[in-house]
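Below is coords.csv, which holds CSV, N, CA and C atoms and all ligand atoms.
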chain,number,residue,atom,x,y,z
A,1,MET,N,-53.9,-34.6,9.0
A,1,MET,CA,-52.7,-34.7,9.8
A,1,MET,C,-52.9,-35.5,11.1
A,2,GLU,N,-52.0,-36.4,11.4
A,2,GLU,CA,-52.1,-37.1,12.6
A,2,GLU,C,-51.6,-36.3,13.7
A,3,SER,N,-52.2,-36.5,14.9
A,3,SER,CA,-51.6,-35.9,16.1
A,3,SER,C,-50.3,-36.7,16.5
A,4,LYS,N,-49.5,-36.0,17.3
A,4,LYS,CA,-48.3,-36.7,17.7
A,4,LYS,C,-48.2,-36.9,19.2
A,5,CYS,N,-47.5,-37.9,19.5
A,5,CYS,CA,-47.3,-38.2,20.9
A,5,CYS,C,-46.6,-37.1,21.6
A,6,PRO,N,-47.1,-36.5,22.7
A,6,PRO,CA,-46.5,-35.4,23.4
A,6,PRO,C,-45.2,-35.9,24.1
A,7,ILE,N,-45.0,-37.1,24.2
A,7,ILE,CA,-43.9,-37.6,24.9
A,7,ILE,C,-42.7,-37.8,24.0
A,8,CYS,N,-42.9,-38.5,22.9
A,8,CYS,CA,-41.8,-38.9,22.0
A,8,CYS,C,-42.0,-38.4,20.6
A,9,ARG,N,-43.1,-37.7,20.3
A,9,ARG,CA,-43.3,-37.1,19.0
A,9,ARG,C,-43.6,-38.1,17.9
A,10,LYS,N,-43.8,-39.3,18.3
A,10,LYS,CA,-44.2,-40.2,17.2
A,10,LYS,C,-45.6,-40.0,16.9
A,11,PRO,N,-46.1,-40.4,15.8
A,11,PRO,CA,-47.5,-40.4,15.5
A,11,PRO,C,-48.3,-41.2,16.5
A,12,SER,N,-49.4,-40.6,17.1
A,12,SER,CA,-50.1,-41.2,18.1
A,12,SER,C,-51.1,-42.3,17.5
A,13,LEU,N,-51.3,-43.3,18.3
A,13,LEU,CA,-52.2,-44.3,17.8
A,13,LEU,C,-53.6,-44.1,18.5
A,14,PRO,N,-54.7,-44.4,17.7
A,14,PRO,CA,-56.0,-44.2,18.2
A,14,PRO,C,-56.2,-45.0,19.5
A,15,ALA,N,-55.6,-46.1,19.7
A,15,ALA,CA,-55.8,-46.9,20.9
A,15,ALA,C,-55.2,-46.3,22.1
A,16,HIS,N,-54.2,-45.4,21.8
A,16,HIS,CA,-53.5,-44.8,23.0
A,16,HIS,C,-53.5,-43.3,23.0
A,17,LYS,N,-54.4,-42.8,22.2
A,17,LYS,CA,-54.5,-41.3,22.0
A,17,LYS,C,-54.5,-40.6,23.4
A,18,PRO,N,-53.8,-39.5,23.5
A,18,PRO,CA,-53.0,-38.9,22.4
A,18,PRO,C,-51.6,-39.4,22.3
A,19,PHE,N,-51.3,-40.5,22.9
A,19,PHE,CA,-50.0,-41.0,23.0
A,19,PHE,C,-49.8,-42.1,21.9
A,20,CYS,N,-48.5,-42.5,21.7
A,20,CYS,CA,-48.3,-43.5,20.7
A,20,CYS,C,-48.3,-44.9,21.3
A,21,SER,N,-48.2,-45.0,22.6
A,21,SER,CA,-48.1,-46.3,23.2
A,21,SER,C,-48.5,-46.2,24.7
A,22,ALA,N,-48.8,-47.4,25.3
A,22,ALA,CA,-49.1,-47.4,26.7
A,22,ALA,C,-47.9,-46.9,27.5
A,23,ARG,N,-46.7,-47.2,27.0
A,23,ARG,CA,-45.5,-46.7,27.7
A,23,ARG,C,-45.5,-45.2,27.9
A,24,CYS,N,-45.8,-44.5,26.8
A,24,CYS,CA,-45.7,-43.1,26.8
A,24,CYS,C,-46.9,-42.6,27.7
A,25,ARG,N,-48.0,-43.2,27.7
A,25,ARG,CA,-49.1,-42.8,28.6
A,25,ARG,C,-48.6,-42.9,30.0
A,26,GLN,N,-47.9,-44.0,30.3
A,26,GLN,CA,-47.4,-44.2,31.7
A,26,GLN,C,-46.4,-43.1,32.1
A,27,ILE,N,-45.6,-42.8,31.1
A,27,ILE,CA,-44.6,-41.7,31.4
A,27,ILE,C,-45.3,-40.4,31.7
A,28,ASP,N,-46.3,-40.1,30.9
A,28,ASP,CA,-47.0,-38.9,31.1
A,28,ASP,C,-47.8,-38.9,32.5
A,29,LEU,N,-48.3,-40.0,32.8
A,29,LEU,CA,-49.0,-40.1,34.1
A,29,LEU,C,-48.0,-39.9,35.2
A,30,GLY,N,-46.9,-40.5,35.1
A,30,GLY,CA,-45.8,-40.4,36.1
A,30,GLY,C,-45.4,-38.9,36.3
A,31,ARG,N,-45.4,-38.2,35.2
A,31,ARG,CA,-45.1,-36.8,35.3
A,31,ARG,C,-46.1,-36.0,36.2
A,32,TRP,N,-47.4,-36.4,35.9
A,32,TRP,CA,-48.4,-35.7,36.7
A,32,TRP,C,-48.4,-36.1,38.1
A,33,PHE,N,-48.1,-37.3,38.4
A,33,PHE,CA,-48.0,-37.7,39.8
A,33,PHE,C,-46.9,-37.1,40.5
A,34,THR,N,-45.8,-37.0,39.9
A,34,THR,CA,-44.6,-36.5,40.6
A,34,THR,C,-44.5,-35.0,40.4
A,35,GLU,N,-45.2,-34.4,39.4
A,35,GLU,CA,-45.1,-33.0,39.1
A,35,GLU,C,-43.6,-32.6,39.0
A,36,ASP,N,-42.9,-33.5,38.4
A,36,ASP,CA,-41.5,-33.3,38.3
A,36,ASP,C,-41.1,-33.4,36.8
A,37,TYR,N,-41.0,-32.3,36.2
A,37,TYR,CA,-40.7,-32.3,34.7
A,37,TYR,C,-39.3,-32.5,34.4
A,38,ARG,N,-38.5,-32.1,35.4
A,38,ARG,CA,-37.0,-32.1,35.2
A,38,ARG,C,-36.5,-33.4,36.0
A,39,LEU,N,-36.6,-34.5,35.3
A,39,LEU,CA,-36.2,-35.7,36.0
A,39,LEU,C,-34.7,-35.7,36.3
A,40,PRO,N,-34.4,-36.2,37.5
A,40,PRO,CA,-33.0,-36.2,37.9
A,40,PRO,C,-32.1,-37.0,37.0
A,41,ASP,N,-32.6,-38.1,36.5
A,41,ASP,CA,-31.7,-38.9,35.6
A,41,ASP,C,-32.4,-38.9,34.3
A,42,HIS,N,-31.7,-39.4,33.3
A,42,HIS,CA,-32.2,-39.4,32.0
A,42,HIS,C,-32.5,-40.9,31.5
A,43,SER,N,-33.3,-41.5,32.4
A,43,SER,CA,-33.6,-42.9,32.1
A,43,SER,C,-34.8,-43.1,31.2
A,44,LEU,N,-35.4,-42.0,30.9
A,44,LEU,CA,-36.6,-42.1,30.0
A,44,LEU,C,-36.2,-42.7,28.6
A,45,PRO,N,-37.0,-43.6,28.1
A,45,PRO,CA,-36.6,-44.2,26.9
A,45,PRO,C,-36.6,-43.2,25.7
A,46,ASP,N,-35.6,-43.3,25.0
A,46,ASP,CA,-35.4,-42.3,23.8
A,46,ASP,C,-36.2,-42.9,22.7
A,47,PRO,N,-36.9,-42.0,21.9
A,47,PRO,CA,-37.6,-42.4,20.8
A,47,PRO,C,-36.8,-43.3,19.8
A,48,ASP,N,-35.6,-43.0,19.7
A,48,ASP,CA,-34.7,-43.7,18.8
A,48,ASP,C,-34.0,-44.8,19.4
A,49,ASP,N,-34.3,-45.1,20.7
A,49,ASP,CA,-33.5,-46.1,21.4
A,49,ASP,C,-34.4,-47.2,21.9
A,50,GLU,N,-35.5,-47.5,21.2
A,50,GLU,CA,-36.4,-48.4,21.7
A,50,GLU,C,-35.9,-49.8,21.8
A,51,ASP,N,-35.0,-50.2,20.9
A,51,ASP,CA,-34.5,-51.6,20.9
A,51,ASP,C,-33.4,-51.8,21.9
A,52,GLY,N,-32.9,-50.7,22.4
A,52,GLY,CA,-31.8,-50.9,23.4
A,52,GLY,C,-32.3,-51.3,24.7
A,53,GLN,N,-33.5,-50.9,25.1
A,53,GLN,CA,-34.0,-51.3,26.4
A,53,GLN,C,-34.5,-52.7,26.4
A,54,GLU,N,-34.8,-53.2,27.6
A,54,GLU,CA,-35.3,-54.5,27.8
A,54,GLU,C,-34.4,-55.6,27.2
A,101,ZN,ZN,-44.7,-41.8,22.4
Show me, as structure tokens, the structure contained in the file I just sent.
Amino acid sequence: MESKCPICRKPSLPAHKPFCSARCRQIDLGRWFTEDYRLPDHSLPDPDDEDGQE
């Protein structure tokens, strides 16, 4: 069984373990820095909305 990204639940990649991408790693880091799990806005990228951004 592969481990899953704690951020978006996608299968994690070895290069970014335990995350699926550098983006999710940054998101997780941001959470630790701010210690704010309940973000005021919902600007976090949705797993199913990857193409919409950028
Ligand atoms: Zn992810």
Neighbours of ligand ZN 101 (chain A) within 7 Å, counting only C-alpha atoms and all ligand atoms, as number ranges by chain?
A: 5-10, 12, 19-21, 24
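As for atom N of Ala22 of chain A and atom C of Lys4 of chain A, they are spaced 12.2 Å apart.
For the atom pair formed by atom C of Lys17 of chain A and atom N of Arg31 of chain A, the distance is 15.1 Å, given to one decimal.
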_Using Å and a single decimal, report how far atom C of Asp48 of chain A sits from atom N of Arg25 of chain A._
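The value is 16.4 Å.
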